[in-house]
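Enquirer: The structure that follows is given in the form of structure tokens.
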Amino acid sequence: MANQTSTRKAKHHQKKPMNKKSKQNSSGSLFVKLIGIVFAACLVLFLAGVGLFFFYAKDAPELTDQSLDTTVSSIIYDANGEKITDIGAENREKISATEIPQQLADAVVSVEDKRFYKHIGVDPIRIFGSLVSNVRSGGLQGGSTLTQQLIKLSFFSTKASDQTLKRKAQEAVLAIKLERMKSKQEILTYYINKVYMSNGIYGMQTASKAFYGKPLDQLTLPQTALLAGIPNAPTLFDPYANPDSAKKRRDIVLLTMYQNKKISKSDYEQAVATPINDGLLTTPATQNADWKYYDNYIKEVINEVKSKTGKNIYTILLYTSDAA
């Protein structure tokens, strides 16, 4: 009996290590299964996201030169060839790619899209950086490239409520297509001509003449930086209505130019110290819209153009300035 009892105890003690090992194997197997499930779920979500992206993208608008181009003001002259007024749907004077000052190009690219000359229309690095920044600060920093911003201005509403997943997918696809169709300089030119600059003014060349009474190539560094920063929030950064906010934005533009080695430290410090109203006209050089509607002579010109061409110069393209 003593031997049998001893044998039973020995067998009992031998079973414990086997149970522990079995549990370890079971735990390891469960962990592998969980990893597999998580991976499979992520893969399904990824494929669903890709499918949804292309489903939305297939309905993107057609990308044409006309859709990218901007309307311009019709210019009315007197009998002696003197300009009387600009009139049209949008107060805008366009500038060609060769007329864009390098200083303005550096300012716009530095503050809006410093990887502009490297990406293909969308910039994953910029998007990831924006996500990280938003998580850390709780802000809403955008990840759109200059090309995407141009697409937005050309085809879509700029309201925050309209920035849906479908719109973002179409915006990205069109931006990639645009980069294949146009050069970087052409895209930058479209952007500079199209952006809203506050005070009923569109395009940076128009704003330069309205704010400073001179074209873009005659602006100083701080004046150029001011214009480059306005499109981000035209009403907020209006130098007439909100000079303090406009200066903060201008100084951010200058800082990004310095960080991107487009200007020297002394240039940056001198520009930041410049008053925001330096060279700024007392009021924007724009005319009262009511005057355009009620002046008898202007009304006569509008009616004559409509009767002869069937065109309404307030709502369609009418390139009269070149002919004049």
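By order of appearance in the structure tokens: chains A, B, ..., then residues from 1 within every chain, and ligands from 1 in the order shown.
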Please provide the set of residues having any atom within 8 Å of region 270-286 of chain A, restricted to only C-alpha atoms, with same-chain residues fewer than 3 positions apart removed, written as a list in words.

Expert: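 Close residues of region 270-286 of chain A: Asn199, Lys209, Ala210, Phe211, Tyr212, Gly213, Leu221, Pro222, Gln223, Pro239, Tyr240, Pro243, Ala246, Lys247, Asp251, Leu254, Ser266 and Asp267 of chain A.
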
Enquirer: Leaving out Lys114 (chain A) and any residue of its chain fewer than 3 positions from it, which residues lie within 10 Å of it when counting only C-alpha atoms, given as a JSON list (two decimals) with N, CA, C and O atoms, in the first residue's frame?

Expert:
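Saved file part34.json follows:
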[["chain", "number", "residue", "atom", "x", "y", "z"],
["A", 106, "ASP", "N", 8.26, 82.32, -53.93],
["A", 106, "ASP", "CA", 8.89, 81.79, -52.72],
["A", 106, "ASP", "C", 7.99, 81.95, -51.50],
["A", 106, "ASP", "O", 7.90, 81.06, -50.65],
["A", 107, "ALA", "N", 7.32, 83.09, -51.42],
["A", 107, "ALA", "CA", 6.44, 83.37, -50.28],
["A", 107, "ALA", "C", 5.24, 82.43, -50.26],
["A", 107, "ALA", "O", 4.91, 81.83, -49.23],
["A", 108, "VAL", "N", 4.59, 82.28, -51.40],
["A", 108, "VAL", "CA", 3.39, 81.43, -51.48],
["A", 108, "VAL", "C", 3.74, 79.98, -51.20],
["A", 108, "VAL", "O", 3.06, 79.30, -50.40],
["A", 109, "VAL", "N", 4.78, 79.47, -51.83],
["A", 109, "VAL", "CA", 5.16, 78.07, -51.65],
["A", 109, "VAL", "C", 5.62, 77.81, -50.21],
["A", 109, "VAL", "O", 5.28, 76.79, -49.61],
["A", 110, "SER", "N", 6.38, 78.75, -49.65],
["A", 110, "SER", "CA", 6.89, 78.56, -48.29],
["A", 110, "SER", "C", 5.78, 78.42, -47.27],
["A", 110, "SER", "O", 5.82, 77.55, -46.39],
["A", 111, "VAL", "N", 4.76, 79.26, -47.37],
["A", 111, "VAL", "CA", 3.72, 79.26, -46.34],
["A", 111, "VAL", "C", 2.60, 78.26, -46.63],
["A", 111, "VAL", "O", 1.96, 77.75, -45.71],
["A", 117, "TYR", "N", 7.19, 71.54, -55.11],
["A", 117, "TYR", "CA", 7.94, 71.13, -56.29],
["A", 117, "TYR", "C", 8.35, 69.66, -56.25],
["A", 117, "TYR", "O", 9.01, 69.18, -57.17],
["A", 118, "LYS", "N", 7.98, 68.94, -55.19],
["A", 118, "LYS", "CA", 8.37, 67.54, -55.04],
["A", 118, "LYS", "C", 7.21, 66.55, -55.13],
["A", 118, "LYS", "O", 7.41, 65.40, -55.52],
["A", 119, "HIS", "N", 6.01, 66.96, -54.72],
["A", 119, "HIS", "CA", 4.90, 66.00, -54.66],
["A", 119, "HIS", "C", 4.19, 65.85, -56.01],
["A", 119, "HIS", "O", 4.50, 66.57, -56.98],
["A", 126, "ARG", "N", 2.82, 65.53, -45.86],
["A", 126, "ARG", "CA", 2.10, 66.70, -45.35],
["A", 126, "ARG", "C", 0.82, 66.26, -44.62],
["A", 126, "ARG", "O", 0.47, 66.79, -43.57],
["A", 145, "THR", "N", -2.38, 70.34, -50.55],
["A", 145, "THR", "CA", -1.29, 70.97, -51.29],
["A", 145, "THR", "C", -1.83, 72.18, -52.05],
["A", 145, "THR", "O", -3.05, 72.40, -52.12],
["A", 146, "LEU", "N", -0.92, 72.95, -52.63],
["A", 146, "LEU", "CA", -1.35, 74.09, -53.47],
["A", 146, "LEU", "C", -2.21, 73.59, -54.64],
["A", 146, "LEU", "O", -3.18, 74.25, -55.03],
["A", 256, "THR", "N", 8.37, 81.43, -42.46],
["A", 256, "THR", "CA", 8.50, 80.23, -43.30],
["A", 256, "THR", "C", 9.50, 80.46, -44.43],
["A", 256, "THR", "O", 10.22, 79.55, -44.82],
["A", 257, "MET", "N", 9.54, 81.68, -44.95],
["A", 257, "MET", "CA", 10.52, 82.00, -46.00],
["A", 257, "MET", "C", 11.94, 81.90, -45.45],
["A", 257, "MET", "O", 12.85, 81.40, -46.12],
["A", 260, "ASN", "N", 12.83, 78.24, -44.85],
["A", 260, "ASN", "CA", 13.07, 77.55, -46.12],
["A", 260, "ASN", "C", 14.26, 78.14, -46.88],
["A", 260, "ASN", "O", 14.48, 77.81, -48.05]]

Enquirer: If you measure from CA of Thr235 (chain A) to CA of Lys214 (chain A), what distance in Å do you get, rounded to one decimal?

Expert: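 CA of Lys214 (chain A) lies at a distance of 22.1 Å from CA of Thr235 (chain A).
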
Enquirer: If you count only C-alpha atoms, which residues fall within 12 Å of Glu179 (chain A), apart from same-chain ones fewer than 4 positions away, as a ChimeraX atom specification?

Expert: /A:63,116-122,145-148,150-151,172-175,183-188

Enquirer: Closest to Ser208 (chain A) among A:Val32, A:Leu104, A:Ser154, A:Ala97, using only C-alpha atoms?

Expert: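 Among the listed residues, A:Leu104 lies closest to Ser208 (chain A).
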
Enquirer: So, with only C-alpha atoms as the atoms that count, which of A:Tyr258, A:Ser29, A:Thr206, A:Leu226 lies closest to Ser245 (chain A)?

Expert: A:Leu226

Enquirer: Write out as a PyMOL selection string each polymer residue whose atoms come within 10 Å of Leu153 (chain A), counting only C-alpha atoms; drop sequence neighbours fewer than 4 positions from it.

Expert: chain A and resi 67-68+147-149+157-158+191+194-196

Enquirer: Can you list, as a PyMOL selection string, every residue of region 168-217 of chain A that DSSP puts in alpha helix (DSSP H)?

Expert: chain A and resi 168-181+184-194+204-212

Enquirer: Just write the chosen residues, N, CA and C atoms, as a compact mmCIF listing (two decimals), in the first residue's frame.

Expert:
# COMPACT_ATOMS: atom_id res chain seq x y z
N LYS A 168 -13.19 65.19 -50.82
CA LYS A 168 -11.75 65.05 -50.64
C LYS A 168 -11.17 64.03 -51.61
N ALA A 169 -11.89 62.94 -51.85
CA ALA A 169 -11.43 61.92 -52.78
C ALA A 169 -11.35 62.48 -54.19
N GLN A 170 -12.38 63.19 -54.61
CA GLN A 170 -12.39 63.80 -55.94
C GLN A 170 -11.32 64.87 -56.07
N GLU A 171 -11.13 65.62 -55.02
CA GLU A 171 -10.10 66.67 -54.99
C GLU A 171 -8.71 66.06 -55.19
N ALA A 172 -8.45 64.95 -54.51
CA ALA A 172 -7.14 64.30 -54.62
C ALA A 172 -6.90 63.74 -56.02
N VAL A 173 -7.91 63.09 -56.58
CA VAL A 173 -7.77 62.51 -57.93
C VAL A 173 -7.54 63.60 -58.96
N LEU A 174 -8.29 64.69 -58.87
CA LEU A 174 -8.13 65.78 -59.82
C LEU A 174 -6.78 66.46 -59.67
N ALA A 175 -6.27 66.55 -58.44
CA ALA A 175 -4.96 67.17 -58.21
C ALA A 175 -3.86 66.35 -58.87
N ILE A 176 -3.94 65.02 -58.77
CA ILE A 176 -2.95 64.15 -59.39
C ILE A 176 -3.03 64.27 -60.91
N LYS A 177 -4.24 64.33 -61.45
CA LYS A 177 -4.41 64.49 -62.90
C LYS A 177 -3.84 65.83 -63.37
N LEU A 178 -4.10 66.86 -62.58
CA LEU A 178 -3.63 68.20 -62.95
C LEU A 178 -2.11 68.26 -63.00
N GLU A 179 -1.45 67.58 -62.07
CA GLU A 179 0.02 67.57 -62.05
C GLU A 179 0.58 66.90 -63.31
N ARG A 180 -0.19 66.00 -63.90
CA ARG A 180 0.25 65.33 -65.14
C ARG A 180 0.01 66.21 -66.36
N MET A 181 -0.99 67.09 -66.25
CA MET A 181 -1.37 67.94 -67.38
C MET A 181 -0.56 69.24 -67.46
N LYS A 184 4.48 72.83 -62.83
CA LYS A 184 4.35 73.46 -61.51
C LYS A 184 4.13 74.97 -61.65
N GLN A 185 4.84 75.58 -62.57
CA GLN A 185 4.72 77.03 -62.76
C GLN A 185 3.32 77.41 -63.24
N GLU A 186 2.75 76.59 -64.11
CA GLU A 186 1.38 76.85 -64.59
C GLU A 186 0.38 76.73 -63.44
N ILE A 187 0.55 75.72 -62.61
CA ILE A 187 -0.36 75.52 -61.48
C ILE A 187 -0.26 76.68 -60.51
N LEU A 188 0.96 77.12 -60.23
CA LEU A 188 1.17 78.26 -59.32
C LEU A 188 0.54 79.52 -59.91
N THR A 189 0.64 79.70 -61.20
CA THR A 189 0.05 80.87 -61.86
C THR A 189 -1.47 80.86 -61.75
N TYR A 190 -2.08 79.71 -62.00
CA TYR A 190 -3.53 79.59 -61.84
C TYR A 190 -3.94 79.99 -60.43
N TYR A 191 -3.20 79.50 -59.45
CA TYR A 191 -3.52 79.77 -58.04
C TYR A 191 -3.41 81.27 -57.75
N ILE A 192 -2.33 81.89 -58.15
CA ILE A 192 -2.10 83.32 -57.87
C ILE A 192 -3.17 84.19 -58.52
N ASN A 193 -3.65 83.77 -59.67
CA ASN A 193 -4.69 84.54 -60.37
C ASN A 193 -6.09 84.29 -59.82
N LYS A 194 -6.30 83.15 -59.19
CA LYS A 194 -7.66 82.75 -58.82
C LYS A 194 -8.06 83.12 -57.40
N MET A 204 -3.73 88.07 -57.04
CA MET A 204 -2.74 88.85 -56.31
C MET A 204 -2.25 90.08 -57.07
N GLN A 205 -2.29 90.03 -58.39
CA GLN A 205 -1.91 91.21 -59.16
C GLN A 205 -2.93 92.33 -58.94
N THR A 206 -4.20 91.97 -58.94
CA THR A 206 -5.27 92.94 -58.68
C THR A 206 -5.11 93.54 -57.29
N ALA A 207 -4.84 92.66 -56.31
CA ALA A 207 -4.68 93.12 -54.93
C ALA A 207 -3.47 94.03 -54.78
N SER A 208 -2.40 93.72 -55.49
CA SER A 208 -1.20 94.55 -55.42
C SER A 208 -1.49 95.98 -55.86
N LYS A 209 -2.21 96.11 -56.95
CA LYS A 209 -2.53 97.45 -57.46
C LYS A 209 -3.59 98.14 -56.61
N ALA A 210 -4.52 97.36 -56.06
CA ALA A 210 -5.58 97.95 -55.23
C ALA A 210 -5.05 98.38 -53.86
N PHE A 211 -4.15 97.60 -53.30
CA PHE A 211 -3.63 97.90 -51.96
C PHE A 211 -2.44 98.86 -51.98
N TYR A 212 -1.58 98.70 -52.99
CA TYR A 212 -0.34 99.48 -53.00
C TYR A 212 -0.19 100.41 -54.20

Enquirer: What does the distance between CA of Asp69 (chain A) and CA of Pro231 (chain A) come to in Å, to one decimal place?

Expert: 17.4 Å

Enquirer: Just how far from CA of Thr64 (chain A) is CA of Gly229 (chain A), in Å to one decimal?

Expert: 27.6 Å
